[in-house]
$ cat run_39.txt   # compact mmCIF, C-alpha atoms
# COMPACT_ATOMS: atom_id res chain seq x y z
CA MET A 1 5.06 155.71 -96.33
CA PHE A 2 2.24 157.24 -98.36
CA PRO A 3 -0.67 155.13 -99.59
CA ASP A 4 -0.71 153.89 -103.18
CA LEU A 5 -3.89 154.71 -105.03
CA LEU A 6 -5.79 153.22 -107.96
CA ILE A 7 -8.04 155.55 -109.99
CA VAL A 8 -10.50 153.78 -112.30
CA ASP A 9 -12.36 155.90 -114.86
CA ASP A 10 -12.80 155.65 -118.62
CA SER A 11 -12.26 159.39 -118.82
CA LEU A 12 -8.63 160.49 -118.96
CA ALA A 13 -9.87 163.94 -117.96
CA ILE A 14 -11.35 162.69 -114.68
CA ARG A 15 -8.24 160.64 -113.87
CA LYS A 16 -6.14 163.78 -114.28
CA ILE A 17 -8.56 165.98 -112.35
CA LEU A 18 -8.74 163.56 -109.42
CA GLN A 19 -4.94 163.38 -109.11
CA ARG A 20 -4.66 167.16 -109.28
CA THR A 21 -7.49 167.66 -106.79
CA LEU A 22 -6.03 165.18 -104.31
CA ARG A 23 -2.65 166.91 -104.40
CA GLN A 24 -4.32 170.34 -104.12
CA ALA A 25 -6.20 169.04 -101.09
CA GLY A 26 -2.84 168.44 -99.45
CA PHE A 27 -2.79 164.65 -99.55
CA ASN A 28 0.60 163.01 -99.88
CA LEU A 29 0.23 160.15 -102.30
CA GLY A 30 2.47 157.21 -103.07
CA ASN A 31 2.18 155.62 -106.49
CA VAL A 32 -0.97 156.51 -108.40
CA TYR A 33 -2.09 153.78 -110.80
CA GLU A 34 -4.72 154.40 -113.47
CA ALA A 35 -7.19 152.09 -115.19
CA GLY A 36 -9.76 152.82 -117.89
CA ASP A 37 -12.28 150.18 -116.79
CA GLY A 38 -12.85 147.42 -114.26
CA LEU A 39 -10.89 144.80 -116.20
CA GLU A 40 -7.82 147.03 -116.36
CA ALA A 41 -8.25 147.73 -112.66
CA LEU A 42 -8.19 144.01 -111.82
CA ALA A 43 -4.97 143.66 -113.83
CA VAL A 44 -3.40 146.48 -111.77
CA LEU A 45 -4.55 144.88 -108.53
CA ARG A 46 -2.96 141.55 -109.49
CA SER A 47 0.46 143.18 -109.79
CA HIS A 48 0.36 146.04 -107.24
CA LYS A 49 -0.83 146.48 -103.69
CA VAL A 50 -2.92 149.64 -103.27
CA GLY A 51 -4.33 151.34 -100.20
CA LEU A 52 -7.41 152.88 -101.79
CA ILE A 53 -9.46 152.49 -104.97
CA LEU A 54 -11.45 155.37 -106.48
CA THR A 55 -13.77 154.14 -109.20
CA ASP A 56 -16.29 155.52 -111.63
CA MET A 57 -19.61 153.70 -112.07
CA ASN A 58 -20.34 153.73 -115.83
CA MET A 59 -17.46 152.24 -117.78
CA PRO A 60 -17.13 149.89 -120.75
CA ASN A 61 -16.14 146.20 -120.38
CA MET A 62 -16.55 146.09 -116.59
CA ASP A 63 -18.38 148.82 -114.67
CA GLY A 64 -17.67 150.14 -111.19
CA LEU A 65 -20.23 148.00 -109.39
CA GLN A 66 -18.91 144.83 -111.04
CA LEU A 67 -15.38 145.84 -110.06
CA LEU A 68 -16.52 146.51 -106.50
CA GLY A 69 -18.10 143.05 -106.34
CA GLN A 70 -14.89 141.39 -107.59
CA VAL A 71 -12.71 143.30 -105.13
CA LYS A 72 -14.89 142.47 -102.13
CA ALA A 73 -15.11 138.80 -103.15
CA ASN A 74 -11.32 138.44 -103.24
CA ASP A 75 -9.59 137.51 -99.98
CA GLU A 76 -6.48 139.47 -100.88
CA TRP A 77 -8.28 142.70 -101.84
CA LYS A 78 -11.47 142.69 -99.77
CA ASP A 79 -10.10 145.06 -97.11
CA VAL A 80 -9.01 147.71 -99.61
CA PRO A 81 -11.44 150.65 -99.28
CA VAL A 82 -13.32 151.36 -102.52
CA PHE A 83 -14.78 154.80 -103.06
CA VAL A 84 -17.27 155.34 -105.88
CA ILE A 85 -17.15 158.70 -107.70
CA SER A 86 -19.86 158.93 -110.32
CA THR A 87 -22.37 161.12 -112.12
CA GLU A 88 -24.93 158.52 -111.01
CA GLY A 89 -26.38 160.39 -108.04
CA GLY A 90 -29.61 158.44 -107.66
CA GLN A 91 -30.40 156.92 -104.27
CA SER A 92 -30.71 153.41 -105.69
CA LYS A 93 -27.18 153.49 -107.13
CA VAL A 94 -25.71 154.75 -103.87
CA ILE A 95 -27.53 152.04 -101.90
CA GLU A 96 -26.36 149.38 -104.34
CA ALA A 97 -22.74 150.55 -104.04
CA VAL A 98 -22.86 150.55 -100.25
CA ARG A 99 -24.56 147.13 -100.23
CA LEU A 100 -21.68 145.77 -102.30
CA GLY A 101 -19.18 147.12 -99.80
CA ALA A 102 -18.25 150.63 -101.00
CA SER A 103 -16.66 152.74 -98.28
CA GLY A 104 -18.19 155.90 -99.67
CA TYR A 105 -19.84 157.61 -102.60
CA LEU A 106 -19.28 161.01 -104.14
CA ARG A 107 -21.23 162.49 -107.00
CA LYS A 108 -19.60 164.34 -109.90
CA PRO A 109 -19.23 167.28 -110.19
CA PHE A 110 -17.21 167.55 -107.00
CA THR A 111 -15.23 170.27 -105.26
CA ALA A 112 -11.77 169.90 -103.75
CA ASP A 113 -13.31 170.41 -100.31
CA GLN A 114 -15.76 167.56 -100.86
CA ILE A 115 -12.94 165.25 -101.95
CA LYS A 116 -10.84 166.27 -98.97
CA GLY A 117 -13.67 165.74 -96.51
CA ARG A 118 -14.58 162.30 -97.81
CA LEU A 119 -11.07 160.91 -98.25
CA GLU A 120 -9.27 162.36 -95.24
CA LYS A 121 -9.98 159.18 -93.28
CA TYR A 122 -8.18 157.09 -95.91
CA LEU A 123 -5.41 159.41 -97.10
CA GLY A 124 -4.92 161.86 -94.24
CA MET B 1 -43.14 165.37 -128.25
CA ASP B 2 -45.69 164.09 -125.77
CA ASN B 3 -43.95 164.27 -122.41
CA SER B 4 -46.69 162.63 -120.39
CA ASN B 5 -46.15 159.32 -118.65
CA PRO B 6 -49.36 157.29 -119.09
CA SER B 7 -48.62 154.82 -116.30
CA SER B 8 -47.95 157.42 -113.61
CA GLY B 9 -49.95 160.35 -114.90
CA LEU B 10 -46.84 162.51 -114.55
CA VAL B 11 -45.92 165.14 -117.05
CA LEU B 12 -42.41 166.51 -117.45
CA ASP B 13 -43.00 169.74 -119.28
CA ARG B 14 -40.50 171.74 -121.30
CA ASP B 15 -40.10 174.37 -118.58
CA GLU B 16 -39.00 171.68 -116.13
CA ILE B 17 -36.54 170.30 -118.66
CA VAL B 18 -35.10 173.78 -119.22
CA HIS B 19 -34.98 174.49 -115.47
CA ASN B 20 -33.14 171.24 -114.72
CA VAL B 21 -30.76 171.55 -117.68
CA THR B 22 -29.90 175.06 -116.48
CA ALA B 23 -29.33 173.93 -112.89
CA ALA B 24 -27.15 171.01 -114.01
CA CYS B 25 -25.08 173.08 -116.43
CA GLN B 26 -24.49 175.91 -113.98
CA GLU B 27 -23.46 173.50 -111.23
CA VAL B 28 -20.91 171.78 -113.48
CA PHE B 29 -19.52 175.04 -114.89
CA THR B 30 -19.14 176.62 -111.46
CA THR B 31 -17.73 173.53 -109.73
CA MET B 32 -15.48 172.04 -112.40
CA LEU B 33 -14.56 174.99 -114.62
CA GLY B 34 -14.75 177.90 -112.20
CA ILE B 35 -16.79 180.02 -114.62
CA GLU B 36 -20.39 181.11 -114.91
CA ALA B 37 -22.69 179.91 -117.68
CA THR B 38 -25.51 182.30 -118.53
CA PRO B 39 -28.55 180.68 -120.14
CA GLY B 40 -30.01 182.19 -123.29
CA GLU B 41 -33.51 181.82 -124.67
CA PRO B 42 -34.45 178.13 -124.93
CA TYR B 43 -36.12 176.83 -128.07
CA VAL B 44 -37.39 173.64 -129.65
CA GLN B 45 -35.45 172.02 -132.47
CA LYS B 46 -37.36 169.66 -134.72
CA ASN B 47 -35.40 166.59 -135.58
CA VAL B 48 -34.74 167.54 -139.16
CA LEU B 49 -31.60 166.71 -141.04
CA GLY B 50 -29.26 169.64 -141.32
CA SER B 51 -25.53 170.01 -141.49
CA ALA B 52 -23.64 170.71 -138.31
CA ALA B 53 -20.03 171.50 -137.54
CA GLY B 54 -17.81 171.55 -134.48
CA VAL B 55 -17.76 169.22 -131.50
CA MET B 56 -20.85 167.29 -130.53
CA SER B 57 -21.03 164.99 -127.52
CA LEU B 58 -24.01 162.73 -126.97
CA ILE B 59 -25.24 160.52 -124.12
CA GLY B 60 -28.28 158.26 -124.18
CA LEU B 61 -30.85 158.05 -121.38
CA ALA B 62 -32.91 154.91 -120.90
CA GLY B 63 -35.53 153.59 -118.52
CA THR B 64 -39.28 154.04 -118.40
CA TRP B 65 -38.39 157.29 -120.18
CA THR B 66 -35.85 157.39 -122.98
CA GLY B 67 -33.95 160.10 -124.76
CA ALA B 68 -30.57 161.72 -124.98
CA GLY B 69 -28.56 164.72 -123.90
CA SER B 70 -26.05 166.52 -126.04
CA ILE B 71 -23.52 169.36 -125.99
CA ILE B 72 -22.60 171.17 -129.19
CA CYS B 73 -19.91 173.83 -129.41
CA SER B 74 -17.24 175.18 -131.74
CA PRO B 75 -13.76 173.61 -131.81
CA GLU B 76 -12.36 176.79 -130.21
CA CYS B 77 -14.90 176.57 -127.43
CA ALA B 78 -14.12 172.88 -126.89
CA CYS B 79 -10.42 173.74 -126.51
CA ARG B 80 -11.21 176.46 -123.96
CA LEU B 81 -13.47 174.17 -121.95
CA ALA B 82 -10.80 171.44 -121.94
CA SER B 83 -8.11 173.97 -120.99
CA ARG B 84 -10.13 175.11 -118.00
CA LEU B 85 -11.10 171.60 -116.95
CA LEU B 86 -7.61 170.10 -117.20
CA MET B 87 -5.58 173.27 -116.53
CA THR B 88 -3.54 172.59 -119.65
CA GLU B 89 -3.53 174.81 -122.73
CA TYR B 90 -5.10 173.22 -125.83
CA GLN B 91 -4.80 175.00 -129.18
CA SER B 92 -6.45 172.36 -131.32
CA VAL B 93 -8.95 169.56 -130.87
CA ASP B 94 -7.24 166.30 -129.94
CA HIS B 95 -8.33 163.18 -128.05
CA GLU B 96 -7.86 164.91 -124.67
CA VAL B 97 -10.15 167.78 -125.72
CA LEU B 98 -12.78 165.33 -126.96
CA ASP B 99 -12.47 163.34 -123.73
CA ALA B 100 -12.92 166.53 -121.68
CA VAL B 101 -16.05 167.53 -123.61
CA ALA B 102 -17.40 164.00 -123.21
CA GLU B 103 -16.83 164.15 -119.45
CA LEU B 104 -18.50 167.56 -119.17
CA THR B 105 -21.48 166.11 -121.05
CA ASN B 106 -21.47 163.12 -118.74
CA MET B 107 -21.58 165.36 -115.67
CA ILE B 108 -24.24 167.73 -117.03
CA VAL B 109 -26.53 165.03 -118.37
CA GLY B 110 -25.86 162.92 -115.27
CA SER B 111 -26.86 165.82 -113.00
CA PHE B 112 -29.93 166.49 -115.14
CA LYS B 113 -30.85 162.80 -114.90
CA THR B 114 -30.56 162.85 -111.11
CA LEU B 115 -32.75 165.96 -110.94
CA VAL B 116 -35.58 164.50 -113.06
CA GLU B 117 -35.52 160.92 -111.75
CA SER B 118 -38.08 161.80 -109.06
CA ARG B 119 -40.50 162.37 -111.94
CA THR B 120 -39.38 159.80 -114.49
CA GLY B 121 -38.22 156.93 -112.30
CA PRO B 122 -34.68 155.50 -112.50
CA LEU B 123 -32.81 156.24 -115.72
CA GLY B 124 -29.63 154.67 -117.05
CA LEU B 125 -26.87 156.63 -118.76
CA SER B 126 -24.92 155.42 -121.76
CA ILE B 127 -21.22 156.03 -122.24
CA PRO B 128 -20.69 159.35 -124.06
CA SER B 129 -19.90 159.50 -127.79
CA VAL B 130 -18.19 162.51 -129.35
CA VAL B 131 -18.22 163.66 -132.98
CA TYR B 132 -15.85 166.29 -134.33
CA GLY B 133 -15.86 167.55 -137.88
CA ARG B 134 -17.48 169.73 -140.49
CA ASN B 135 -20.69 169.33 -142.37
CA PHE B 136 -21.95 166.25 -140.58
CA ASN B 137 -25.57 165.24 -140.20
CA PHE B 138 -27.10 163.79 -137.09
CA ARG B 139 -30.44 162.17 -136.40
CA ASN B 140 -32.03 160.13 -133.64
CA GLY B 141 -35.53 158.78 -133.06
CA ALA B 142 -36.90 161.75 -131.12
CA ASP B 143 -39.29 164.18 -132.78
CA GLU B 144 -37.82 167.28 -131.21
CA TRP B 145 -35.14 168.53 -128.86
CA THR B 146 -35.30 171.14 -126.13
CA VAL B 147 -32.28 173.37 -126.73
CA VAL B 148 -30.79 175.65 -124.09
CA PRO B 149 -27.97 177.91 -125.29
CA PHE B 150 -25.42 179.03 -122.69
CA PHE B 151 -22.94 181.86 -122.93
CA SER B 152 -19.62 181.86 -121.13
CA ASP B 153 -16.43 183.80 -121.87
CA ASP B 154 -17.93 185.03 -125.19
CA GLU B 155 -18.46 181.45 -126.30
CA GLN B 156 -21.78 179.74 -126.98
CA ILE B 157 -22.50 176.19 -125.90
CA GLU B 158 -25.77 174.48 -126.75
CA ILE B 159 -27.20 171.81 -124.50
CA ARG B 160 -29.94 169.72 -126.09
CA VAL B 161 -32.19 167.23 -124.38
CA CYS B 162 -34.93 164.96 -125.67
CA LEU B 163 -36.81 162.86 -123.15
CA ALA B 164 -40.16 161.10 -123.45
CA PRO B 165 -41.91 158.04 -122.01
CA SER B 166 -40.59 154.84 -123.56
CA ARG B 167 -42.60 153.51 -126.46
CA ALA B 168 -42.63 150.03 -124.94
CA GLN B 169 -44.32 151.45 -121.86
CA ASN B 170 -47.02 153.05 -123.99
CA LYS B 171 -47.97 149.78 -125.65
CA PRO B 172 -51.06 148.09 -124.21
CA GLY B 173 -50.35 145.01 -122.13
CA PRO B 174 -51.82 141.57 -122.91
CA GLY B 175 -54.77 142.15 -120.62
CA ASP B 176 -55.53 145.67 -121.86
$ encode --input "run_39.txt" --output "structure tokens"
Amino acid sequence: MFPDLLIVDDSLAIRKILQRTLRQAGFNLGNVYEAGDGLEALAVLRSHKVGLILTDMNMPNMDGLQLLGQVKANDEWKDVPVFVISTEGGQSKVIEAVRLGASGYLRKPFTADQIKGRLEKYLG
Amino acid sequence: MDNSNPSSGLVLDRDEIVHNVTAACQEVFTTMLGIEATPGEPYVQKNVLGSAAGVMSLIGLAGTWTGAGSIICSPECACRLASRLLMTEYQSVDHEVLDAVAELTNMIVGSFKTLVESRTGPLGLSIPSVVYGRNFNFRNGADEWTVVPFFSDDEQIEIRVCLAPSRAQNKPGPGD
């Protein structure tokens, strides 16, 4: 049984790249759901159980930190690991994400090796 | 453009902007596209109205310093960049090509932002906007842009940045 994954990013390009990179890294994935912002992500979570959430930070309608807050405040979803992948590499953003309950943080641009190293614990 | 920050006494000069734009662009090209980007001679572009053509992606920067970062390239170049990024062949500019150029801009300007934040303080990034067409005019509030051309696979990409202390920060406070 492979873990189902939710990728949240307003960029279709990044959603595609992440899926490709994860498969290249050798991870076996179950269903991969996509959402273009935090609101879409919450809609996916209401209808599907996922084992890991990868989310961008800057998105329209609901950003990654707001999504993270909603996930961690929900009894049903709070144990789902949330990994933030963002161009926002500043220390304050990373600290804020971790404070809200993020399991990890990876800055774009990223290499396949970086993705593999960070997510092995959750997808390996 | 006066790039001095009156409250901190810091100055972010044009050489630093060029250095950080170059570092950010080369990191993104090497990591995400698997190609080298060779910087050309940087120059200053006054913010005058003039017609432009091709694909132009723009992201705003805001904080105690404000400005914007932009990528401009030909439609053919945009297709090649998208093809390399997404490993899918694109012959013409469509929404996926525009999305790919927007994301490259997001990563380059985001990396630039991270590099200069030790000097400027925290900066926020807007969501990227992309324009594609012929004979369009563009203007923002900055007086001038630092332009760094890059060459890769016989294509030219221009990265433009304007960044200056926020006007609100320059205004005297009530007790001043």
$ atom_distance --input "run_39.txt" --atom1 "CA of Thr120 (chain B)" --atom2 "CA of Gly63 (chain B)"
8.3 Å
$ atom_distance --input "run_39.txt" --atom1 "CA of Gln70 (chain A)" --atom2 "CA of Ile53 (chain A)"
12.6 Å
$ closest_atom_pairs --input "run_39.txt" --of "chain B" --to "chain A" --cutoff "7 Å" --atoms "all atoms listed in the file" --output "JSON lines"
{"residue": "B:Val28", "atom": "CA", "partner": "A:Pro109", "partner_atom": "CA", "distance": 5.8}
{"residue": "B:Thr31", "atom": "CA", "partner": "A:Thr111", "partner_atom": "CA", "distance": 6.1}
{"residue": "B:Met32", "atom": "CA", "partner": "A:Pro109", "partner_atom": "CA", "distance": 6.5}
{"residue": "B:Leu86", "atom": "CA", "partner": "A:Ile17", "partner_atom": "CA", "distance": 6.4}
{"residue": "B:Asp99", "atom": "CA", "partner": "A:Ser11", "partner_atom": "CA", "distance": 6.3}
{"residue": "B:Ala100", "atom": "CA", "partner": "A:Ala13", "partner_atom": "CA", "distance": 5.5}
{"residue": "B:Glu103", "atom": "CA", "partner": "A:Ser11", "partner_atom": "CA", "distance": 6.6}
{"residue": "B:Asn106", "atom": "CA", "partner": "A:Thr87", "partner_atom": "CA", "distance": 7.0}
{"residue": "B:Met107", "atom": "CA", "partner": "A:Thr87", "partner_atom": "CA", "distance": 5.6}
{"residue": "B:Gly110", "atom": "CA", "partner": "A:Thr87", "partner_atom": "CA", "distance": 5.0}
{"residue": "B:Ser111", "atom": "CA", "partner": "A:Thr87", "partner_atom": "CA", "distance": 6.6}
{"residue": "B:Thr114", "atom": "CA", "partner": "A:Gly90", "partner_atom": "CA", "distance": 5.7}
{"residue": "B:Ile127", "atom": "CA", "partner": "A:Asn58", "partner_atom": "CA", "distance": 6.9}
$ closest_residue --input "run_39.txt" --among "B:Gly141, B:Pro122, B:Pro149, B:Pro42" --to "Cys25 (chain B)" --atoms "all atoms listed in the file"
B:Pro149
$ residues_near_point --input "run_39.txt" --point "(-29.3, 154.4, -120.0)" --cutoff "10 Å" --atoms "all atoms listed in the file" --output "list in words"
Asn58 of chain A; Ile59, Gly60, Leu61, Ala62, Gly63, Trp65, Thr66, Gly67, Ala68, Lys113, Pro122, Leu123, Gly124, Leu125, Ser126 and Ile127 of chain B
$ residues_around --input "run_39.txt" --residues "Ile115 (chain A)" --least-positions-apart "2" --cutoff "12 Å" --atoms "all atoms listed in the file" --output "ChimeraX atom specification"
/A:17-27,54,83-85,104-113,117-124
$ residues_around --input "run_39.txt" --residues "region 35-51 of chain A" --least-positions-apart "6" --cutoff "8 Å" --atoms "only C-alpha atoms" --output "PyMOL selection string"
chain A and resi 3-12+59-64+66-67+77+80-81
$ write_last_selection --input "run_39.txt" --atoms "C-alpha atoms" --output "compact mmCIF listing (two decimals), in the coordinates of the input"
# COMPACT_ATOMS: atom_id res chain seq x y z
CA PRO A 3 -0.67 155.13 -99.59
CA ASP A 4 -0.71 153.89 -103.18
CA LEU A 5 -3.89 154.71 -105.03
CA LEU A 6 -5.79 153.22 -107.96
CA ILE A 7 -8.04 155.55 -109.99
CA VAL A 8 -10.50 153.78 -112.30
CA ASP A 9 -12.36 155.90 -114.86
CA ASP A 10 -12.80 155.65 -118.62
CA SER A 11 -12.26 159.39 -118.82
CA LEU A 12 -8.63 160.49 -118.96
CA MET A 59 -17.46 152.24 -117.78
CA PRO A 60 -17.13 149.89 -120.75
CA ASN A 61 -16.14 146.20 -120.38
CA MET A 62 -16.55 146.09 -116.59
CA ASP A 63 -18.38 148.82 -114.67
CA GLY A 64 -17.67 150.14 -111.19
CA GLN A 66 -18.91 144.83 -111.04
CA LEU A 67 -15.38 145.84 -110.06
CA TRP A 77 -8.28 142.70 -101.84
CA VAL A 80 -9.01 147.71 -99.61
CA PRO A 81 -11.44 150.65 -99.28
$ atom_distance --input "run_39.txt" --atom1 "CA of Asp15 (chain B)" --atom2 "CA of Asn47 (chain B)"
19.3 Å
$ residues_near_point --input "run_39.txt" --point "(-31.0, 179.4, -125.6)" --cutoff "7 Å" --atoms "only C-alpha atoms" --output "short mmCIF file (atom, residue, chain, number, x, y, z; two decimals) with C-alpha atoms, keeping the file's coordinate frame"
data_model
loop_
_atom_site.label_atom_id
_atom_site.label_comp_id
_atom_site.auth_asym_id
_atom_site.auth_seq_id
_atom_site.Cartn_x
_atom_site.Cartn_y
_atom_site.Cartn_z
CA PRO B 39 -28.55 180.68 -120.14
CA GLY B 40 -30.01 182.19 -123.29
CA GLU B 41 -33.51 181.82 -124.67
CA PRO B 42 -34.45 178.13 -124.93
CA TYR B 43 -36.12 176.83 -128.07
CA VAL B 147 -32.28 173.37 -126.73
CA VAL B 148 -30.79 175.65 -124.09
CA PRO B 149 -27.97 177.91 -125.29
CA PHE B 150 -25.42 179.03 -122.69
#
$ residues_around --input "run_39.txt" --residues "Ser83 (chain B)" --least-positions-apart "6" --cutoff "12 Å" --atoms "all atoms listed in the file" --output "mmCIF file with C-alpha atoms, in the coordinates of the input"
data_model
loop_
_atom_site.group_PDB
_atom_site.id
_atom_site.type_symbol
_atom_site.label_atom_id
_atom_site.label_comp_id
_atom_site.auth_asym_id
_atom_site.auth_seq_id
_atom_site.Cartn_x
_atom_site.Cartn_y
_atom_site.Cartn_z
ATOM 1 C CA ALA A 13 -9.870 163.940 -117.960
ATOM 2 C CA ILE A 17 -8.560 165.980 -112.350
ATOM 3 C CA MET B 32 -15.480 172.040 -112.400
ATOM 4 C CA LEU B 33 -14.560 174.990 -114.620
ATOM 5 C CA GLY B 34 -14.750 177.900 -112.200
ATOM 6 C CA GLU B 76 -12.360 176.790 -130.210
ATOM 7 C CA CYS B 77 -14.900 176.570 -127.430
ATOM 8 C CA GLU B 89 -3.530 174.810 -122.730
ATOM 9 C CA TYR B 90 -5.100 173.220 -125.830
ATOM 10 C CA GLN B 91 -4.800 175.000 -129.180
ATOM 11 C CA SER B 92 -6.450 172.360 -131.320
ATOM 12 C CA VAL B 93 -8.950 169.560 -130.870
ATOM 13 C CA ASP B 94 -7.240 166.300 -129.940
ATOM 14 C CA GLU B 96 -7.860 164.910 -124.670
ATOM 15 C CA VAL B 97 -10.150 167.780 -125.720
ATOM 16 C CA LEU B 98 -12.780 165.330 -126.960
ATOM 17 C CA ASP B 99 -12.470 163.340 -123.730
ATOM 18 C CA ALA B 100 -12.920 166.530 -121.680
ATOM 19 C CA VAL B 101 -16.050 167.530 -123.610
#
